[in-house]
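Chemist: Handing you this structure, nothing more for now.
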Amino acid sequence: QVQVVESGGGLVQAGGSLRLACQVSGRTFRNLAMGWFRQAPGKEREFVAGISWSGSITSYADSVKGRFTISRDNAKNTVYLQMNSLKPEDTAVYYCAGSQRNFGMGTRYRYEYDYWGQGTQVTVSS
């Protein structure tokens, strides 16, 4: 049984930073591509950032490019999302997800992720 557990959410002022972490257990972490998604109230869950199994390939939504950085530590079974220059529109529940498809190269598509965490709330005040 795979467990995906996010941490690091909270309340921050606009312009501030947060670092989210996601730990995966019960599955060979290094075989998984990982991604972060977010869902604001009344909106669809959207892709934020993704990283391949090796960490060599990353991708970002245009709305966060240049402000957010995804990284992973395969020795710790953990993926991170460093969020800088936060804006009120970044307010959402952030979800971590793992994908065993596409040979671990990563994907932006929600339906290609097999394992999901429960989410962590990020609130950015203006």
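Ligands are numbered from 1 in the order shown, residues from 1 within each chain, and chains are lettered A, B, ... in the order they appear in the structure tokens.
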Between region 47-97 of chain A and region 1-23 of chain A, at 12 Å or less, what are the per-residue closest atom pairs and their distances in Å? Count only C-alpha atoms, order by chain and rising residue number, and return it as a tab-separated table.
Modeler:
residue	atom	partner	partner_atom	distance
A:Arg67	CA	A:Ser17	CA	9.5
A:Phe68	CA	A:Arg19	CA	9.4
A:Thr69	CA	A:Arg19	CA	9.4
A:Ile70	CA	A:Leu20	CA	9.4
A:Ser71	CA	A:Ala21	CA	9.6
A:Arg72	CA	A:Cys22	CA	9.2
A:Asp73	CA	A:Gln23	CA	9.8
A:Asn74	CA	A:Gln23	CA	10.1
A:Ala75	CA	A:Gln23	CA	11.0
A:Lys76	CA	A:Gln23	CA	7.8
A:Asn77	CA	A:Gln23	CA	5.7
A:Thr78	CA	A:Gln23	CA	4.4
A:Val79	CA	A:Cys22	CA	5.2
A:Tyr80	CA	A:Ala21	CA	4.5
A:Leu81	CA	A:Leu20	CA	5.0
A:Gln82	CA	A:Arg19	CA	4.4
A:Met83	CA	A:Leu18	CA	5.2
A:Asn84	CA	A:Ser17	CA	4.4
A:Ser85	CA	A:Gly15	CA	4.2
A:Leu86	CA	A:Gly15	CA	4.9
A:Lys87	CA	A:Ala14	CA	5.0
A:Pro88	CA	A:Ala14	CA	6.3
A:Glu89	CA	A:Ala14	CA	9.6
A:Asp90	CA	A:Ala14	CA	9.4
A:Thr91	CA	A:Leu11	CA	9.2
A:Ala92	CA	A:Gly9	CA	9.9
A:Val93	CA	A:Gly9	CA	8.6
A:Tyr94	CA	A:Gly9	CA	8.1
A:Tyr95	CA	A:Glu6	CA	7.2
A:Cys96	CA	A:Cys22	CA	6.4
A:Ala97	CA	A:Val4	CA	7.3
Chemist: Mind dumping a table of every region 22-93 of chain A residue within 7 Å of region 103-117 of chain A, with the nearest atom pair and its distance in Å to one decimal, using only C-alpha atoms, sorted by chain and rising number, as CSV?
Modeler:
residue,atom,partner,partner_atom,distance
A:Asn31,CA,A:Gly104,CA,6.0
A:Leu32,CA,A:Gly104,CA,5.2
A:Ala33,CA,A:Gly104,CA,4.6
A:Met34,CA,A:Gly106,CA,6.8
A:Phe47,CA,A:Arg108,CA,6.0
A:Gly50,CA,A:Gly106,CA,6.3
A:Ile51,CA,A:Gly106,CA,5.9
A:Ser52,CA,A:Met105,CA,4.5
A:Trp53,CA,A:Gly104,CA,5.2
Chemist: What does the file look like for those residues with N, CA and C atoms, as a PDB file, in the first residue's frame?
Modeler:
ATOM      1  N   ASN A  31      11.268   4.905  -8.706  1.00  0.00           N
ATOM      2  CA  ASN A  31      10.639   4.508  -9.969  1.00  0.00           C
ATOM      3  C   ASN A  31       9.501   5.434 -10.377  1.00  0.00           C
ATOM      4  N   LEU A  32       9.140   6.336  -9.488  1.00  0.00           N
ATOM      5  CA  LEU A  32       7.975   7.184  -9.721  1.00  0.00           C
ATOM      6  C   LEU A  32       8.362   8.581 -10.204  1.00  0.00           C
ATOM      7  N   ALA A  33       7.664   9.055 -11.209  1.00  0.00           N
ATOM      8  CA  ALA A  33       7.662  10.486 -11.468  1.00  0.00           C
ATOM      9  C   ALA A  33       6.722  11.116 -10.439  1.00  0.00           C
ATOM     10  N   MET A  34       7.029  12.338 -10.036  1.00  0.00           N
ATOM     11  CA  MET A  34       6.220  12.993  -9.008  1.00  0.00           C
ATOM     12  C   MET A  34       5.697  14.329  -9.516  1.00  0.00           C
ATOM     13  N   PHE A  47      -2.410  21.234 -12.629  1.00  0.00           N
ATOM     14  CA  PHE A  47      -0.997  20.891 -12.551  1.00  0.00           C
ATOM     15  C   PHE A  47      -0.186  22.107 -12.129  1.00  0.00           C
ATOM     16  N   GLY A  50       6.118  19.184 -12.094  1.00  0.00           N
ATOM     17  CA  GLY A  50       6.397  17.756 -12.169  1.00  0.00           C
ATOM     18  C   GLY A  50       7.884  17.503 -12.287  1.00  0.00           C
ATOM     19  N   ILE A  51       8.291  16.301 -11.875  1.00  0.00           N
ATOM     20  CA  ILE A  51       9.704  15.940 -11.913  1.00  0.00           C
ATOM     21  C   ILE A  51       9.830  14.460 -12.258  1.00  0.00           C
ATOM     22  N   SER A  52      10.810  14.139 -13.093  1.00  0.00           N
ATOM     23  CA  SER A  52      11.024  12.755 -13.489  1.00  0.00           C
ATOM     24  C   SER A  52      11.645  11.950 -12.351  1.00  0.00           C
ATOM     25  N   TRP A  53      11.732  10.635 -12.530  1.00  0.00           N
ATOM     26  CA  TRP A  53      12.230   9.773 -11.464  1.00  0.00           C
ATOM     27  C   TRP A  53      13.646  10.133 -11.042  1.00  0.00           C
TER      28      TRP A  53
END
Chemist: Based on DSSP run over this structure's backbone, return all residues of chain A in helix (DSSP H, G or I), as a count of residues only.
Modeler: 12
Chemist: Hey, what does DSSP flag as strand (DSSP E or B) within chain A? Can you give it to me as a PyMOL selection string?
Modeler: chain A and resi 3-7+10-13+18-25+33-39+46-51+58-60+68-73+78-83+92-99+115-116+120-125
Chemist: Name all residues at most 6 Å from Tyr60 (chain A) (count only C-alpha atoms; drop same-chain ones fewer than 3 positions away) and give them as a list of chain:residue names.
Modeler: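 So, after excluding close chain neighbours, the residues are A:Val48, A:Ala49, A:Lys65.
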Chemist: Any idea what the distance is between CA of Ser54 (chain A) and CA of Ala40 (chain A)?
Modeler: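 Interatomic distance here is 29.7 Å.
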